[in-house]
Amino acid sequence: MSADLPVEEPARRVTLPDEVVGAYTWARSFRIWDIYFALIWLATLVFVLGAGTPGWPVRITAAALLVPLIPLFVWVGRPILRGDPPEERQALGYLLAAMALFLPSAILVGETRLMTFALVPQCFMSLRMRQALVAVAVINLAPVAGWALLWWPSDQQVFFNGLFAVVTLVFSLAVGTWIIRIIEQSQERAELIAKLDSSRHEISRLSAAHGALAERERMAREIHDTLAQGFTSLLMLVQAVEAELDHDVAQARRHLALMDETARLNLAEARALVAGGAPADLAGASLPDALRRLAARHEATLEVTGPVRALPAGPEVVALRACQEALANARKHAGSSAAVTVRVAYADDSLTVSVRDDGCGFEPTAVDTAAGGYGLTGLRARATEVGGTAQVRSAPGDGTAVTVRLPLPSPRSSS
């Protein structure tokens, strides 16, 4: 007799996050259940009072037993059923009290069994599955058995009422079990959605942290390749000037002029770094011109081969920074007396920049395994960012060669 079981039932074994519980439609649509309960109760009362048998005193007694169900539901049952999940001990006590009023009335007047449409759903809403099945069986079968023992109706009436009770019991169990499975599955999906949403926020947070870390690494490379190298050059020039003031004033003045140029270039690089623009050497100049000025500052020779053309900003910046790093390392490790050559080769699909010195050289594996520093590691990282490669070839006593190869768009496709 529970064909109208409501489908909005809170799960009893799945604990959801607060944001999911707050949005759960069961708590917000309970007024529909209030109307449903009131209509079933009112219809039952009308059926009981309008029954042909038994007499008025019995029907008034049965109706009187139904009246306390309203305050019991409003003040006790409703708060329990709205729990998420309902407290099982309180729910069991409430249902026992409701059955204590319903069963005597249903035994006295068979029409009272219409109230099972309101009580059976509450069993599935508030109890565990096993307890709910027992309660539903009692609500469906006990009234028929008690009614038959009290009034001793004809065998035909007992048979049809008993058959109807069994059918409604089976239907109640089947529909109730199916609805609970659907609700539990929906709650599990809601929990999964909440976890996915939480994971999405965590991924967003990690992505922002990764972006901040990448930006710090980029700024560290920029500072290392520009300001730090400029300050290192200034310190080396200061030391040279101090050694030349007593015996070679002309050379000292030349170095002072170079210091002035280096300081101005460092200032321009700092402003470009803050503004996020192109390197100072590339401002209004081509890559060969910028490399030519850079090679002159480091007393290196420059060779350019291939058809020179305008390139995207990314490869030009990488090529310039690679030359800055390689030339700074050459002067720092190979010494000022070593000959340094910069070769730039333009091809249809690539740009190759090579810086070679004939200094003392070193063991590349020792440098690769050393910890810290932004030099060669930053150079390789820059080349990788634009899809290029960076190689360092050296051997003790055989000089060093740093080669950076960068992919370029075809001149035909760019035109």
# chains A, B, ... in the order shown; residues from 1 in each chain; ligands from 1
call {"tool": "residues_around", "arguments": {"residues": "segment 159-165 of chain A", "least_positions_apart": "6", "cutoff": "12 Å", "atoms": "only C-alpha atoms", "output": "ChimeraX atom specification"}}
result
/A:1-2,110-111,113-114,116,136-148,153,171-172
call {"tool": "select_by_dssp", "arguments": {"residues": "segment 305-378 of chain A", "states": "strand (DSSP E or B)", "output": "VMD selection string"}}
result
chain A and resid 305 340 to 346 350 to 357
call {"tool": "residues_around", "arguments": {"residues": "Gln90 of chain A", "least_positions_apart": "3", "cutoff": "10 Å", "atoms": "only C-alpha atoms", "output": "list in words"}}
result
Val76, Gly77, Ile80, Leu81, Pro86, Glu87, Gly93, Tyr94, Leu95, Leu96 and Ser126 of chain A
call {"tool": "closest_residue", "arguments": {"among": "A:Leu42, A:Val304, A:Ala334, A:Val238", "to": "Pro396 of chain A", "atoms": "only C-alpha atoms"}}
result
A:Ala334
call {"tool": "closest_residue", "arguments": {"among": "A:Ser410, A:Gln251, A:Thr168, A:Thr53", "to": "Pro312 of chain A", "atoms": "only C-alpha atoms"}}
result
A:Ser410
call {"tool": "closest_residue", "arguments": {"among": "A:Leu45, A:Ile179, A:Leu406, A:Ile35", "to": "Thr389 of chain A", "atoms": "only C-alpha atoms"}}
result
A:Leu406
call {"tool": "closest_residue", "arguments": {"among": "A:Arg130, A:Arg297, A:Arg31, A:Arg382", "to": "Met259 of chain A", "atoms": "only C-alpha atoms"}}
result
A:Arg297
call {"tool": "decode", "arguments": {"residues": "segment 183-198 of chain A", "atoms": "N, CA and C atoms", "output": "short mmCIF file (atom, residue, chain, number, x, y, z; two decimals), in the first residue's frame"}}
result
data_model
loop_
_atom_site.label_atom_id
_atom_site.label_comp_id
_atom_site.auth_asym_id
_atom_site.auth_seq_id
_atom_site.Cartn_x
_atom_site.Cartn_y
_atom_site.Cartn_z
N ILE A 183 18.68 6.86 -4.28
CA ILE A 183 19.07 8.01 -3.46
C ILE A 183 20.51 7.87 -2.98
N GLU A 184 20.89 6.68 -2.54
CA GLU A 184 22.26 6.49 -2.09
C GLU A 184 23.25 6.70 -3.23
N GLN A 185 22.88 6.23 -4.43
CA GLN A 185 23.76 6.44 -5.57
C GLN A 185 23.87 7.93 -5.90
N SER A 186 22.75 8.64 -5.80
CA SER A 186 22.79 10.08 -6.05
C SER A 186 23.65 10.79 -5.02
N GLN A 187 23.57 10.37 -3.77
CA GLN A 187 24.39 10.98 -2.73
C GLN A 187 25.88 10.69 -2.95
N GLU A 188 26.18 9.48 -3.38
CA GLU A 188 27.57 9.15 -3.67
C GLU A 188 28.10 10.00 -4.82
N ARG A 189 27.24 10.21 -5.83
CA ARG A 189 27.66 11.08 -6.93
C ARG A 189 27.84 12.51 -6.46
N ALA A 190 26.97 12.96 -5.55
CA ALA A 190 27.12 14.31 -5.01
C ALA A 190 28.44 14.44 -4.25
N GLU A 191 28.80 13.39 -3.50
CA GLU A 191 30.07 13.41 -2.78
C GLU A 191 31.23 13.43 -3.76
N LEU A 192 31.12 12.66 -4.84
CA LEU A 192 32.17 12.65 -5.86
C LEU A 192 32.31 14.02 -6.51
N ILE A 193 31.17 14.66 -6.79
CA ILE A 193 31.21 16.00 -7.38
C ILE A 193 31.90 16.97 -6.43
N ALA A 194 31.59 16.84 -5.13
CA ALA A 194 32.24 17.72 -4.16
C ALA A 194 33.75 17.49 -4.13
N LYS A 195 34.16 16.22 -4.21
CA LYS A 195 35.59 15.93 -4.22
C LYS A 195 36.24 16.46 -5.49
N LEU A 196 35.56 16.30 -6.62
CA LEU A 196 36.10 16.83 -7.87
C LEU A 196 36.22 18.34 -7.82
N ASP A 197 35.23 18.98 -7.22
CA ASP A 197 35.29 20.44 -7.10
C ASP A 197 36.44 20.86 -6.21
N SER A 198 36.63 20.10 -5.10
CA SER A 198 37.76 20.39 -4.23
C SER A 198 39.08 20.17 -4.95
#
